Amino acid sequence: MISYNGISKRGERERNEDAIAVYKRDDICCFVLCDGLGGHGRGDAASAAACRVFGEVFERTFDFYPRAFFSEAIEQTNREILEMQQKEGFVSGMKTTLVSLLLCKDHATWCHIGDSRLYLFRDNTVVCRTLDHSVPQMLVNAGSIKEKDIRFHPDRNRLLRALGSDEETIRYEVSAPYKISECQAFLMCSDGFWEYIDEKQMCKLLRKSRDADEWMQQMRAVVEENGKGKNMDNFSAITVMNSK
């Protein structure tokens with residue numbers, strides 16, 4: 001049995017530029033989380049557009065092939081954001097990250113672009129996470145800094161990829177399919193969330209939680225406590241648990 005919960009909060013900022021969405025039909029679920037970039041209404045417009053377009057593509061899709069679904073949804077999203085940039089005069093200042101999880105029958109597949117993350121848990125342990133498209137992640141990959149240094153690196157907000165980029169080919173990543181029966185839980189979250197809770201705490205709270213809602217509320221309390229008084233960014237998360 002799958003349970004899930006989602007939150008999207010303003011933090012200590014004036015505007016929430018994150019967005020989340022969940023789409024369901026029969027035995028198929030699509031979860032979407034975006035972190036808009038640009039400020040002054042630009043980021044929230046981009047993140048909202050991405051969630052909306054994913055829903056439109058979901059509703060008109062009949063034969064779900066994850067890679068084909070993600071390709072269509074991402075390409076259409078990027079086109080719409082570019083059109084919004086031109087219409088509103090924001091030539092390059094309206095962008096968004098995106099991470100999406102598709103549960104289709106007995107398999108889970110996800111895609112991402114930017115630094116919004118997906119974590120996969122099994123036996124109360126992180127067995128996989130998406131790698132950020134950011135300068136600090138690039139430095140980790142090169143061996144220049146350690147993984148734990150990403151959270152508060154001075155260049156943490158410098159992204160290498162995002163939706164709303166005027167490129168011939170949108171560069172995003174799609175996972176291999178995982179059997180849902182082998183997945184204990186998923187966490188999708190924006191950087192405003194994962195910045196203030198580490199993987200050890202995620203696992204500890206997962207072990208103590210009966211369902212996705214309880215896990216979310218416990219993690220949210222940690223995030224809000226750790227971010228208090230630090231000009232905390234918007235933070236969003238979606239928890240999905242597989243209760244066997």
# chains A, B, ... in the order shown; residues from 1 in each chain; ligands from 1
$ select_by_dssp --residues "region 54-232 of chain A" --states "alpha helix (DSSP H)" --output "VMD selection string"
chain A and resid 54 to 60 66 to 88 135 to 141 191 to 194 199 to 207 212 to 227
$ residues_around --residues "Ala46 (chain A)" --least-positions-apart "2" --cutoff "12 Å" --atoms "only C-alpha atoms" --output "PyMOL selection string"
chain A and resi 16-19+33-44+48-53+77-85+88+90+92-98+162-165
$ select_by_dssp --residues "region 28-229 of chain A" --states "strand (DSSP E)" --output "PyMOL selection string"
chain A and resi 28-37+95-96+98-104+107-113+117-122+125-129+173-174+178-179+185-189
$ closest_residue --among "A:Asn124, A:Ser181, A:Ser71, A:Asn242" --to "Leu205 (chain A)" --atoms "only C-alpha atoms"
A:Asn124
$ closest_residue --among "A:Ala142, A:Val99, A:Ala237, A:Met232" --to "Gln217 (chain A)" --atoms "only C-alpha atoms"
A:Ala237
$ residues_around --residues "Phe121 (chain A)" --least-positions-apart "6" --cutoff "6 Å" --atoms "only C-alpha atoms" --output "list of chain:residue names"
A:Val127, A:Gln184, A:Ala185
$ write_last_selection --atoms "N, CA and C atoms" --output "short mmCIF file (atom, residue, chain, number, x, y, z; two decimals), in the first residue's frame"
data_model
loop_
_atom_site.label_atom_id
_atom_site.label_comp_id
_atom_site.auth_asym_id
_atom_site.auth_seq_id
_atom_site.Cartn_x
_atom_site.Cartn_y
_atom_site.Cartn_z
N VAL A 127 19.65 4.38 -0.47
CA VAL A 127 20.37 3.53 -1.43
C VAL A 127 20.63 4.26 -2.75
N GLN A 184 11.35 0.97 -0.19
CA GLN A 184 10.65 1.25 1.06
C GLN A 184 10.00 2.63 1.03
N ALA A 185 10.73 3.63 0.53
CA ALA A 185 10.22 4.99 0.56
C ALA A 185 10.99 5.87 -0.41
#
$ residues_around --residues "Ala212 (chain A)" --least-positions-apart "4" --cutoff "10 Å" --atoms "only C-alpha atoms" --output "MDAnalysis selection string"
chainID A and resid 2:6 185:187 206 216:217 238:243
$ closest_residue --among "A:Glu12, A:Met1, A:Ser100, A:Phe69" --to "Glu224 (chain A)" --atoms "only C-alpha atoms"
A:Glu12
$ residues_around --residues "Thr125 (chain A)" --least-positions-apart "3" --cutoff "9 Å" --atoms "only C-alpha atoms" --output "list in words"
Leu120, Phe121, Arg122, Glu199, Lys200, Met202, Cys203, Lys204 and Leu206 of chain A
$ closest_residue --among "A:Glu59, A:Arg15, A:Arg156, A:Lys208" --to "Leu139 (chain A)" --atoms "only C-alpha atoms"
A:Arg156
$ residues_around --residues "Tyr65 (chain A)" --least-positions-apart "4" --cutoff "12 Å" --atoms "only C-alpha atoms" --output "NGL selection string"
:A and (28 or 58 or 61 or 69-72 or 102-105 or 107-110 or 174 or 177)
$ decode --residues "region 80-106 of chain A" --atoms "C-alpha atoms" --output "PDB file, in the first residue's frame"
ATOM      1  CA  GLU A  80       6.071  27.028 -22.442  1.00  0.00           C
ATOM      2  CA  ILE A  81       8.537  28.672 -20.069  1.00  0.00           C
ATOM      3  CA  LEU A  82      10.528  30.068 -23.005  1.00  0.00           C
ATOM      4  CA  GLU A  83       7.292  31.487 -24.427  1.00  0.00           C
ATOM      5  CA  MET A  84       6.484  33.043 -21.043  1.00  0.00           C
ATOM      6  CA  GLN A  85       9.960  34.591 -20.925  1.00  0.00           C
ATOM      7  CA  GLN A  86       9.451  36.230 -24.318  1.00  0.00           C
ATOM      8  CA  LYS A  87       5.893  37.365 -23.578  1.00  0.00           C
ATOM      9  CA  GLU A  88       6.758  38.913 -20.216  1.00  0.00           C
ATOM     10  CA  GLY A  89      10.155  40.273 -21.216  1.00  0.00           C
ATOM     11  CA  PHE A  90      12.211  37.968 -18.993  1.00  0.00           C
ATOM     12  CA  VAL A  91      14.604  36.692 -21.606  1.00  0.00           C
ATOM     13  CA  SER A  92      16.464  34.344 -19.273  1.00  0.00           C
ATOM     14  CA  GLY A  93      15.311  35.128 -15.729  1.00  0.00           C
ATOM     15  CA  MET A  94      12.392  32.704 -15.427  1.00  0.00           C
ATOM     16  CA  LYS A  95      13.490  29.111 -14.797  1.00  0.00           C
ATOM     17  CA  THR A  96      12.801  26.159 -12.549  1.00  0.00           C
ATOM     18  CA  THR A  97      14.322  22.947 -11.282  1.00  0.00           C
ATOM     19  CA  LEU A  98      12.211  19.805 -11.478  1.00  0.00           C
ATOM     20  CA  VAL A  99      12.121  16.316 -10.020  1.00  0.00           C
ATOM     21  CA  SER A 100       9.317  13.907 -10.902  1.00  0.00           C
ATOM     22  CA  LEU A 101       8.537  10.356  -9.762  1.00  0.00           C
ATOM     23  CA  LEU A 102       6.341   8.042 -11.835  1.00  0.00           C
ATOM     24  CA  LEU A 103       4.872   4.945 -10.200  1.00  0.00           C
ATOM     25  CA  CYS A 104       3.542   2.885 -13.060  1.00  0.00           C
ATOM     26  CA  LYS A 105       2.065  -0.517 -12.186  1.00  0.00           C
ATOM     27  CA  ASP A 106       4.953  -2.308 -10.449  1.00  0.00           C
TER      28      ASP A 106
END
